[in-house]
$ cat run.txt   # compact mmCIF, C-alpha atoms
# COMPACT_ATOMS: atom_id res chain seq x y z
CA MET A 1 21.93 0.40 19.52
CA SER A 2 18.28 0.09 20.65
CA LYS A 3 15.78 -1.61 18.39
CA ARG A 4 13.10 0.39 16.64
CA ASP A 5 9.44 -0.20 17.40
CA TYR A 6 8.18 -3.07 15.25
CA TYR A 7 5.04 -1.17 14.22
CA GLU A 8 7.23 1.75 13.14
CA VAL A 9 9.47 -0.62 11.15
CA LEU A 10 6.53 -1.89 9.10
CA GLY A 11 4.82 1.49 8.96
CA VAL A 12 1.51 0.29 10.48
CA SER A 13 -0.56 1.36 13.46
CA LYS A 14 -0.76 -0.67 16.69
CA GLY A 15 -4.32 -1.66 15.84
CA ALA A 16 -3.45 -2.82 12.32
CA ALA A 17 -5.10 -6.00 11.06
CA LYS A 18 -2.96 -9.00 10.12
CA THR A 19 -3.80 -8.46 6.46
CA ASP A 20 -2.39 -4.92 6.65
CA ILE A 21 0.74 -6.20 8.41
CA LYS A 22 1.21 -8.84 5.74
CA LYS A 23 0.73 -6.30 2.95
CA ALA A 24 3.25 -3.91 4.53
CA TYR A 25 5.79 -6.72 4.86
CA ARG A 26 5.41 -7.79 1.23
CA LYS A 27 6.01 -4.25 0.06
CA LEU A 28 9.05 -3.59 2.26
CA ALA A 29 10.59 -7.05 1.75
CA GLY A 30 10.41 -6.58 -1.98
CA LYS A 31 11.99 -3.15 -1.70
CA TYR A 32 14.93 -4.05 0.57
CA HIS A 33 15.69 -7.65 -0.41
CA PRO A 34 19.47 -7.87 -0.99
CA ASP A 35 19.01 -9.42 -4.43
CA VAL A 36 17.02 -6.38 -5.52
CA ASN A 37 18.44 -3.53 -3.46
CA LYS A 38 22.22 -3.16 -3.65
CA ALA A 39 22.45 -0.37 -1.04
CA PRO A 40 24.95 -1.11 1.77
CA ASP A 41 22.24 -1.07 4.46
CA ALA A 42 19.63 -3.05 2.49
CA GLU A 43 20.47 -6.39 4.09
CA GLN A 44 20.24 -4.96 7.61
CA LYS A 45 16.89 -3.32 6.84
CA PHE A 46 15.59 -6.56 5.38
CA LYS A 47 16.52 -8.40 8.59
CA GLU A 48 14.78 -5.73 10.66
CA ILE A 49 11.62 -5.88 8.55
CA THR A 50 11.48 -9.69 8.69
CA GLU A 51 12.00 -9.74 12.45
CA ALA A 52 9.20 -7.24 12.96
CA TYR A 53 6.84 -9.20 10.74
CA GLU A 54 7.61 -12.53 12.45
CA VAL A 55 6.57 -11.06 15.79
CA LEU A 56 3.54 -9.01 14.74
CA ASN A 57 2.09 -11.73 12.53
CA ASP A 58 2.01 -14.21 15.43
CA ASP A 59 -0.87 -13.52 17.85
CA THR A 60 0.99 -14.84 20.91
CA LYS A 61 4.26 -13.03 20.15
CA ARG A 62 2.38 -9.85 19.29
CA ALA A 63 0.51 -9.91 22.60
CA GLN A 64 3.78 -10.39 24.48
CA TYR A 65 5.41 -7.59 22.50
CA ASP A 66 2.49 -5.23 23.14
CA GLN A 67 2.81 -5.93 26.88
CA PHE A 68 6.57 -6.17 27.41
CA GLY A 69 8.13 -4.59 24.32
CA HIS A 70 11.49 -5.88 23.07
CA ALA A 71 12.28 -7.21 26.58
CA GLY A 72 9.30 -9.60 26.49
CA PRO A 73 9.81 -13.31 27.11
CA ASN A 74 10.22 -15.80 24.26
CA GLN A 75 10.95 -13.08 21.71
CA ALA A 76 12.19 -14.85 18.63
CA GLY A 77 14.94 -13.56 16.43
CA PHE A 78 14.37 -12.90 12.81
CA GLY A 79 13.59 -15.73 10.45
CA GLY A 80 14.92 -19.24 10.37
CA GLY A 81 17.45 -21.20 8.43
CA ASP A 82 15.06 -22.80 5.97
CA GLY A 83 14.58 -19.79 3.71
CA ASP A 84 10.95 -19.24 4.80
CA PHE A 85 10.42 -15.86 6.46
CA GLY A 86 7.28 -15.19 8.46
CA GLY A 87 5.01 -17.36 6.33
CA PHE A 88 6.47 -16.12 3.03
CA GLY A 89 8.78 -18.07 0.79
CA PHE A 90 11.20 -16.17 -1.38
CA GLU A 91 9.07 -17.21 -4.31
CA ASP A 92 6.21 -15.21 -2.75
CA ILE A 93 8.43 -12.17 -2.32
CA PHE A 94 9.67 -12.27 -5.91
CA SER A 95 6.12 -12.89 -7.09
CA SER A 96 5.05 -9.58 -5.56
CA ILE A 97 8.08 -7.82 -7.06
CA PHE A 98 8.11 -9.19 -10.58
CA GLY A 99 4.41 -9.89 -11.09
CA GLY A 100 4.41 -13.66 -11.29
CA GLY A 101 7.70 -15.03 -10.00
CA GLY A 102 7.66 -18.80 -9.89
CA ARG A 103 4.01 -18.99 -10.89
CA ARG A 104 4.65 -18.01 -14.50
CA ARG A 105 2.02 -19.50 -16.82
CA ASP A 106 2.86 -22.27 -19.22
CA PRO A 107 4.32 -20.64 -22.38
CA ASN A 108 2.88 -23.45 -24.49
CA ALA A 109 -0.67 -23.11 -23.17
CA PRO A 110 -3.32 -21.82 -25.63
CA ARG A 111 -3.96 -18.07 -25.29
CA GLN A 112 -6.60 -15.84 -26.84
CA GLY A 113 -5.44 -13.35 -29.47
CA ALA A 114 -5.38 -9.60 -28.89
CA ASP A 115 -8.50 -7.48 -29.40
CA LEU A 116 -8.67 -4.80 -32.10
CA GLN A 117 -10.51 -1.46 -32.31
CA TYR A 118 -11.93 0.27 -35.38
CA THR A 119 -13.55 3.72 -35.45
CA MET A 120 -16.47 4.07 -37.87
CA THR A 121 -18.07 7.38 -38.89
CA LEU A 122 -21.83 7.12 -39.49
CA LYS A 123 -24.38 9.41 -41.09
CA PHE A 124 -27.14 10.51 -38.73
CA GLU A 125 -29.79 8.42 -40.52
CA ASP A 126 -27.59 5.29 -40.63
CA ALA A 127 -27.15 5.44 -36.86
CA VAL A 128 -30.94 5.75 -36.43
CA PHE A 129 -32.04 2.97 -38.78
CA GLY A 130 -28.93 0.75 -38.83
CA LYS A 131 -27.30 -0.81 -41.86
CA GLU A 132 -25.03 -3.59 -43.06
CA THR A 133 -21.64 -2.50 -44.27
CA THR A 134 -18.20 -3.88 -45.03
CA ILE A 135 -15.03 -2.54 -43.41
CA GLU A 136 -11.40 -3.29 -44.13
CA ILE A 137 -8.93 -3.63 -41.27
CA PRO A 138 -5.24 -4.59 -41.08
CA ARG A 139 -4.54 -7.44 -38.70
CA GLU A 140 -2.23 -10.35 -38.11
CA GLU A 141 -3.27 -13.62 -39.72
CA THR A 142 -1.95 -17.14 -39.15
CA CYS A 143 0.77 -17.78 -41.71
CA SER A 144 -0.58 -20.22 -44.30
CA THR A 145 2.91 -21.37 -45.28
CA CYS A 146 3.83 -22.79 -41.87
CA ASP A 147 0.31 -23.01 -40.34
CA GLY A 148 1.44 -20.67 -37.58
CA SER A 149 4.36 -22.75 -36.33
CA GLY A 150 6.97 -20.26 -37.53
CA ALA A 151 9.12 -23.13 -38.81
CA LYS A 152 10.09 -23.88 -42.40
CA PRO A 153 7.67 -26.36 -44.02
CA GLY A 154 8.87 -29.91 -43.36
CA THR A 155 10.42 -28.90 -40.05
CA LYS A 156 9.00 -28.03 -36.66
CA PRO A 157 10.01 -26.03 -33.58
CA GLU A 158 12.15 -27.88 -31.07
CA THR A 159 11.74 -27.85 -27.32
CA CYS A 160 14.22 -25.46 -25.75
CA SER A 161 17.08 -27.54 -24.34
CA HIS A 162 17.90 -24.90 -21.70
CA CYS A 163 14.51 -24.61 -20.00
CA GLY A 164 12.98 -27.91 -21.10
CA GLY A 165 10.02 -26.11 -22.67
CA ALA A 166 9.06 -24.32 -19.43
CA GLY A 167 9.99 -20.88 -20.77
CA GLN A 168 11.83 -19.99 -17.55
CA LEU A 169 15.08 -20.83 -15.81
CA ASN A 170 15.83 -21.47 -12.13
CA VAL A 171 18.68 -19.31 -10.91
CA GLU A 172 20.16 -20.38 -7.55
CA GLN A 173 21.96 -18.01 -5.21
CA ASN A 174 23.60 -18.50 -1.85
CA THR A 175 22.69 -15.75 0.61
CA PRO A 176 23.05 -15.25 4.37
CA PHE A 177 19.50 -16.59 4.64
CA GLY A 178 20.17 -19.82 2.76
CA ARG A 179 19.94 -20.88 -0.85
CA ILE A 180 17.42 -18.93 -2.89
CA VAL A 181 15.87 -20.15 -6.12
CA ASN A 182 14.68 -17.36 -8.40
CA ARG A 183 12.82 -18.09 -11.63
CA ARG A 184 13.47 -15.91 -14.65
CA VAL A 185 12.39 -15.86 -18.28
CA CYS A 186 14.54 -18.10 -20.39
CA HIS A 187 16.61 -15.81 -22.62
CA TYR A 188 17.44 -18.63 -25.03
CA CYS A 189 13.82 -18.98 -26.21
CA ASN A 190 12.42 -15.64 -24.92
CA GLY A 191 9.96 -17.47 -22.73
CA THR A 192 8.31 -19.47 -25.53
CA GLY A 193 9.75 -22.82 -24.52
CA LYS A 194 10.65 -23.50 -28.16
CA ASN A 195 13.49 -22.83 -30.56
CA ILE A 196 13.09 -22.58 -34.32
CA LYS A 197 16.26 -23.53 -36.15
CA GLN A 198 14.86 -23.15 -39.68
CA LYS A 199 12.42 -20.24 -39.80
CA CYS A 200 9.56 -19.90 -42.25
CA SER A 201 10.55 -17.63 -45.13
CA THR A 202 7.07 -16.08 -45.30
CA CYS A 203 6.59 -14.96 -41.69
CA GLY A 204 10.22 -14.98 -40.52
CA GLY A 205 9.42 -17.32 -37.64
CA SER A 206 6.62 -15.26 -36.07
CA GLY A 207 3.86 -17.56 -37.30
CA THR A 208 1.71 -14.61 -38.45
CA VAL A 209 1.59 -12.21 -41.39
CA LYS A 210 -0.03 -8.78 -41.72
CA LYS A 211 -3.06 -8.66 -44.04
CA ARG A 212 -5.98 -6.37 -44.81
CA ASN A 213 -9.27 -8.13 -44.18
CA LYS A 214 -12.80 -7.26 -45.27
CA ILE A 215 -15.37 -7.84 -42.54
CA LYS A 216 -19.16 -7.48 -42.74
CA VAL A 217 -20.62 -5.48 -39.87
CA ASN A 218 -24.32 -5.28 -39.02
CA ILE A 219 -24.92 -1.91 -37.38
CA PRO A 220 -27.98 -2.14 -35.13
CA ALA A 221 -30.66 0.54 -35.35
CA GLY A 222 -30.38 3.21 -32.66
CA VAL A 223 -26.62 3.27 -32.04
CA ASP A 224 -25.39 6.57 -30.63
CA ASP A 225 -22.14 8.50 -30.77
CA GLY A 226 -19.40 6.86 -28.69
CA GLN A 227 -21.08 3.46 -28.43
CA GLN A 228 -19.23 0.36 -29.54
CA LEU A 229 -20.09 -2.98 -31.10
CA ARG A 230 -18.20 -6.20 -30.40
CA VAL A 231 -17.62 -8.43 -33.42
CA SER A 232 -16.63 -11.77 -31.93
CA GLY A 233 -13.61 -13.62 -33.30
CA GLN A 234 -12.40 -10.87 -35.64
CA GLY A 235 -9.33 -9.79 -33.66
CA GLU A 236 -5.76 -11.05 -33.78
CA PRO A 237 -5.16 -14.81 -34.08
CA GLY A 238 -4.72 -16.86 -30.91
CA VAL A 239 -1.40 -18.26 -29.66
CA ASN A 240 -0.71 -21.99 -29.46
CA GLY A 241 -4.11 -22.81 -30.90
CA GLY A 242 -5.99 -20.38 -28.64
CA PRO A 243 -9.16 -18.57 -29.79
CA GLN A 244 -9.03 -15.44 -31.92
CA GLY A 245 -9.50 -12.05 -30.26
CA ASP A 246 -12.49 -9.75 -30.82
CA LEU A 247 -12.99 -6.59 -32.87
CA TYR A 248 -14.57 -3.53 -31.22
CA VAL A 249 -16.19 -1.04 -33.59
CA VAL A 250 -16.55 2.45 -32.04
CA PHE A 251 -19.16 4.71 -33.66
CA ARG A 252 -18.82 8.42 -34.40
CA VAL A 253 -22.18 9.83 -35.55
CA GLN A 254 -22.32 12.96 -37.72
CA ASN A 255 -24.63 15.85 -36.83
CA HIS A 256 -27.85 16.48 -38.79
CA GLU A 257 -28.62 19.86 -40.34
CA PHE A 258 -32.18 19.91 -38.94
CA PHE A 259 -32.59 17.27 -36.22
CA GLU A 260 -30.85 17.04 -32.86
CA ARG A 261 -30.68 13.83 -30.85
CA ASP A 262 -30.81 13.33 -27.09
CA GLY A 263 -30.78 9.64 -26.25
CA ASP A 264 -33.68 8.10 -28.14
CA ASP A 265 -35.54 11.42 -28.55
CA ILE A 266 -35.34 13.81 -31.51
CA TYR A 267 -35.65 17.61 -31.27
CA CYS A 268 -36.25 20.19 -33.97
CA GLU A 269 -37.54 23.76 -34.42
CA MET A 270 -40.43 24.73 -36.68
CA PRO A 271 -41.08 28.34 -37.81
CA LEU A 272 -44.64 29.73 -37.61
CA THR A 273 -45.98 32.93 -39.13
CA PHE A 274 -47.70 35.45 -36.91
CA ALA A 275 -51.02 34.51 -38.46
CA GLN A 276 -50.51 30.76 -37.91
CA ALA A 277 -49.60 31.31 -34.27
CA ALA A 278 -52.50 33.69 -33.65
CA LEU A 279 -55.24 31.88 -35.58
CA GLY A 280 -54.03 28.27 -35.38
CA ASP A 281 -53.22 25.98 -38.29
CA GLU A 282 -52.37 22.45 -39.36
CA ILE A 283 -48.80 22.14 -40.55
CA GLU A 284 -46.57 19.40 -41.93
CA VAL A 285 -43.61 18.46 -39.77
CA PRO A 286 -40.63 16.49 -41.15
CA THR A 287 -39.65 13.46 -39.07
CA LEU A 288 -37.13 10.70 -39.56
CA HIS A 289 -40.05 8.51 -40.58
CA GLY A 290 -41.61 10.91 -43.11
CA LYS A 291 -43.84 14.00 -42.96
CA VAL A 292 -46.50 14.12 -40.24
CA LYS A 293 -49.35 16.64 -39.77
CA LEU A 294 -49.43 18.65 -36.55
CA LYS A 295 -52.27 20.84 -35.32
CA ILE A 296 -51.24 24.24 -33.98
CA PRO A 297 -53.86 25.70 -31.60
CA ALA A 298 -54.80 29.39 -31.83
CA GLY A 299 -52.73 31.65 -29.61
CA THR A 300 -49.61 29.48 -29.66
CA GLN A 301 -46.62 31.32 -28.24
CA THR A 302 -43.07 31.12 -29.47
CA GLY A 303 -41.12 28.40 -27.60
CA THR A 304 -44.17 26.14 -27.19
CA LYS A 305 -43.24 22.46 -27.37
CA PHE A 306 -45.18 19.64 -28.98
CA ARG A 307 -44.42 15.93 -28.65
CA MET A 308 -44.99 13.30 -31.33
CA ARG A 309 -44.90 9.87 -29.72
CA GLY A 310 -42.90 7.10 -31.36
CA LYS A 311 -41.32 9.37 -33.97
CA GLY A 312 -37.86 9.28 -32.42
CA VAL A 313 -35.02 6.75 -32.48
CA PRO A 314 -35.50 3.02 -31.90
CA ASN A 315 -33.78 1.89 -28.73
CA VAL A 316 -30.59 0.01 -29.61
CA ARG A 317 -31.43 -2.70 -27.03
CA GLY A 318 -34.98 -3.11 -28.31
CA TYR A 319 -36.76 -1.21 -25.52
CA GLY A 320 -39.33 0.69 -27.58
CA GLN A 321 -38.84 3.91 -29.51
CA GLY A 322 -38.21 7.53 -28.60
CA ASP A 323 -40.34 10.60 -29.36
CA GLN A 324 -39.89 13.69 -31.49
CA HIS A 325 -40.18 17.10 -29.80
CA ILE A 326 -41.05 20.18 -31.85
CA VAL A 327 -40.31 23.67 -30.58
CA VAL A 328 -42.17 26.40 -32.52
CA ARG A 329 -40.67 29.82 -33.24
CA VAL A 330 -42.94 32.66 -34.29
CA VAL A 331 -41.24 34.56 -37.11
CA THR A 332 -41.67 38.34 -37.15
CA PRO A 333 -42.48 39.47 -40.73
CA THR A 334 -40.06 41.79 -42.52
CA ASN A 335 -40.26 43.86 -45.73
CA LEU A 336 -44.01 44.42 -45.37
CA THR A 337 -45.99 45.94 -48.21
CA GLU A 338 -48.03 49.08 -47.55
CA LYS A 339 -51.21 47.04 -47.49
CA GLN A 340 -49.76 44.64 -44.93
CA LYS A 341 -48.57 47.55 -42.81
CA GLU A 342 -52.02 49.08 -42.93
CA LEU A 343 -53.59 45.84 -41.78
CA PHE A 344 -51.15 45.64 -38.85
CA ARG A 345 -51.88 49.27 -37.95
CA SER A 346 -55.58 48.46 -37.91
CA PHE A 347 -54.94 45.44 -35.75
CA ALA A 348 -52.81 47.47 -33.31
CA GLU A 349 -55.45 50.22 -33.15
CA ILE A 350 -58.19 47.72 -32.39
CA SER A 351 -55.96 46.18 -29.72
CA GLY A 352 -55.34 49.58 -28.14
CA ASN A 353 -51.61 49.41 -28.82
CA ARG A 354 -51.22 51.77 -31.72
CA PRO A 355 -47.47 52.05 -32.44
CA ASP A 356 -45.66 55.29 -33.21
CA GLU A 357 -43.68 54.35 -36.32
CA HIS A 358 -41.68 57.55 -36.02
CA GLU A 359 -40.77 56.95 -32.39
CA GLU A 360 -37.04 56.80 -31.78
CA SER A 361 -35.55 53.35 -31.65
CA PHE A 362 -33.97 52.03 -28.47
CA PHE A 363 -30.50 52.29 -29.96
CA ASP A 364 -31.12 55.93 -31.03
CA LYS A 365 -32.04 56.76 -27.45
CA VAL A 366 -28.87 55.09 -26.16
CA LYS A 367 -26.74 57.11 -28.59
CA LYS A 368 -28.35 60.38 -27.45
CA ALA A 369 -27.83 59.45 -23.80
CA PHE A 370 -24.09 59.06 -24.38
CA LYS A 371 -23.95 62.41 -26.21
CA GLY A 372 -25.74 64.12 -23.33
CA GLU A 373 -28.64 65.31 -25.48

$ encode --input "run.txt" --output "structure tokens"
Amino acid sequence: MSKRDYYEVLGVSKGAAKTDIKKAYRKLAGKYHPDVNKAPDAEQKFKEITEAYEVLNDDTKRAQYDQFGHAGPNQAGFGGGDGDFGGFGFEDIFSSIFGGGGRRRDPNAPRQGADLQYTMTLKFEDAVFGKETTIEIPREETCSTCDGSGAKPGTKPETCSHCGGAGQLNVEQNTPFGRIVNRRVCHYCNGTGKNIKQKCSTCGGSGTVKKRNKIKVNIPAGVDDGQQLRVSGQGEPGVNGGPQGDLYVVFRVQNHEFFERDGDDIYCEMPLTFAQAALGDEIEVPTLHGKVKLKIPAGTQTGTKFRMRGKGVPNVRGYGQGDQHIVVRVVTPTNLTEKQKELFRSFAEISGNRPDEHEESFFDKVKKAFKGE
């Protein structure tokens, strides 16, 4: 049976870089290794993959293969007898498969505790000006009875006699390629490297207990919806004397009945009477910082925007302060008295736009059009 093209075996192009060839080999070796894949043809495929990699990863052998193919001189067979295939040890292969293999970290080394997240709902004004508040969160705390050891007071955890405190066991296997040493989590101590014969009655051997904790949080002025604040050292306790995790407070800001926020700027609408818009006026505008007077020039049209500098939201990082934008809306008067109507008629007549109060409305005309009148 003729051999398949080595590039085809690894699934790479003829111009593939050595890094791509190495990556392809790792992936395929992990997939078809006989200890992982129990299919009848897995061993044969693994041999084929290793042979292809050994040739293509060597510049001299690859050049010979590219020129002469499988009939080229000095073509090596697959692998050797020392259990090291194409620059990879079996430890490397299992490391890529199981995410750590023989390089498992020390189970007794200090590790930082897990982070926590808390969602806080804020009033609009509290998000703008900031505040100090107290929250209550459930979290794991170091057991005070056993000081986190998990062992009954007066006793202490013992080093696991099966793994010697390493948290992993070496499992040896004889294969057609030689003896393979595979490292696995010690099932006697669950990878901790320790065994507790007499467990603490308070925490049951875990070393931690669940408690509700009150924490003071200083909310900075200018926080916005969706932003978060890190409170250092307020997460879960560390392992083996490691530092405590952090608490992340995520803010949800309520809407305001009058103001709208866009970044550090504030927007609002102010109604104007026809007379104010036509003749001009000085009005009071509510802001987050109190009432402020605003001059309205004569002839102001509805939709006109005014900006009040520095009346917005303070930047949460301290970069100045936003502005407030006012959009005016001219309100058409309703329920006019006869005197008011007369004044508007006089105004319209002077303007040359005398209205016909008895003229059919637009909707009346539409109705007649549908009736064919």

$ closest_atom_pairs --input "run.txt" --of "range 235-311 of chain A" --to "range 322-329 of chain A" --cutoff "7 Å" --atoms "all atoms listed in the file" --output "CSV"
residue,atom,partner,partner_atom,distance
A:Asp264,CA,A:Gly322,CA,4.6
A:Asp265,CA,A:Gly322,CA,4.7
A:Ile266,CA,A:Gln324,CA,4.6
A:Tyr267,CA,A:His325,CA,4.8
A:Cys268,CA,A:Ile326,CA,5.2
A:Glu269,CA,A:Val327,CA,4.7
A:Met270,CA,A:Val328,CA,4.8
A:Pro271,CA,A:Arg329,CA,4.8
A:Leu272,CA,A:Arg329,CA,5.9
A:Thr302,CA,A:Arg329,CA,4.7
A:Gly303,CA,A:Val328,CA,5.4
A:Thr304,CA,A:Val328,CA,5.7
A:Lys305,CA,A:Val327,CA,4.5
A:Phe306,CA,A:Ile326,CA,5.1
A:Arg307,CA,A:His325,CA,4.5
A:Met308,CA,A:Gln324,CA,5.1
A:Arg309,CA,A:Asp323,CA,4.6
A:Gly310,CA,A:Asp323,CA,4.8
A:Lys311,CA,A:Asp323,CA,4.9

$ atom_distance --input "run.txt" --atom1 "CA of Lys211 in chain A" --atom2 "CA of Glu141 in chain A"
6.6 Å

$ residues_around --input "run.txt" --residues "Ile21 in chain A" --least-positions-apart "4" --cutoff "8 Å" --atoms "all atoms listed in the file" --output "list in words"
Leu10, Val12, Ala16, Ala17, Tyr25, Tyr53, Leu56 and Asn57 of chain A

$ closest_residue --input "run.txt" --among "A:Gln67, A:Gly280, A:Leu122, A:Glu140" --to "Asn213 in chain A" --atoms "all atoms listed in the file"
A:Glu140

$ residues_around --input "run.txt" --residues "range 244-246 of chain A" --least-positions-apart "5" --cutoff "6 Å" --atoms "only C-alpha atoms" --output "ChimeraX atom specification"
/A:112-115,231-238

$ atom_distance --input "run.txt" --atom1 "CA of Gly164 in chain A" --atom2 "CA of Thr145 in chain A"
27.0 Å

$ closest_residue --input "run.txt" --among "A:Glu43, A:Asp106, A:Asp224, A:Glu172" --to "Gln254 in chain A" --atoms "all atoms listed in the file"
A:Asp224

$ atom_distance --input "run.txt" --atom1 "CA of Asp281 in chain A" --atom2 "CA of Phe258 in chain A"
21.9 Å

$ closest_residue --input "run.txt" --among "A:Pro110, A:Gly167, A:Pro157, A:Gly312" --to "Asn195 in chain A" --atoms "only C-alpha atoms"
A:Pro157

$ closest_residue --input "run.txt" --among "A:Asn218, A:Thr273, A:Gln168, A:Thr332" --to "Asp126 in chain A" --atoms "all atoms listed in the file"
A:Asn218

$ closest_residue --input "run.txt" --among "A:Thr50, A:Thr19, A:Thr202, A:Thr159" --to "His33 in chain A" --atoms "only C-alpha atoms"
A:Thr50

$ closest_residue --input "run.txt" --among "A:Ser351, A:Asn240, A:Lys293, A:Gly165" --to "Ala109 in chain A" --atoms "all atoms listed in the file"
A:Asn240

$ residues_around --input "run.txt" --residues "Glu284 in chain A" --least-positions-apart "6" --cutoff "9 Å" --atoms "only C-alpha atoms" --output "list of chain:residue names"
A:Lys291, A:Val292, A:Lys293, A:Leu294, A:Lys295
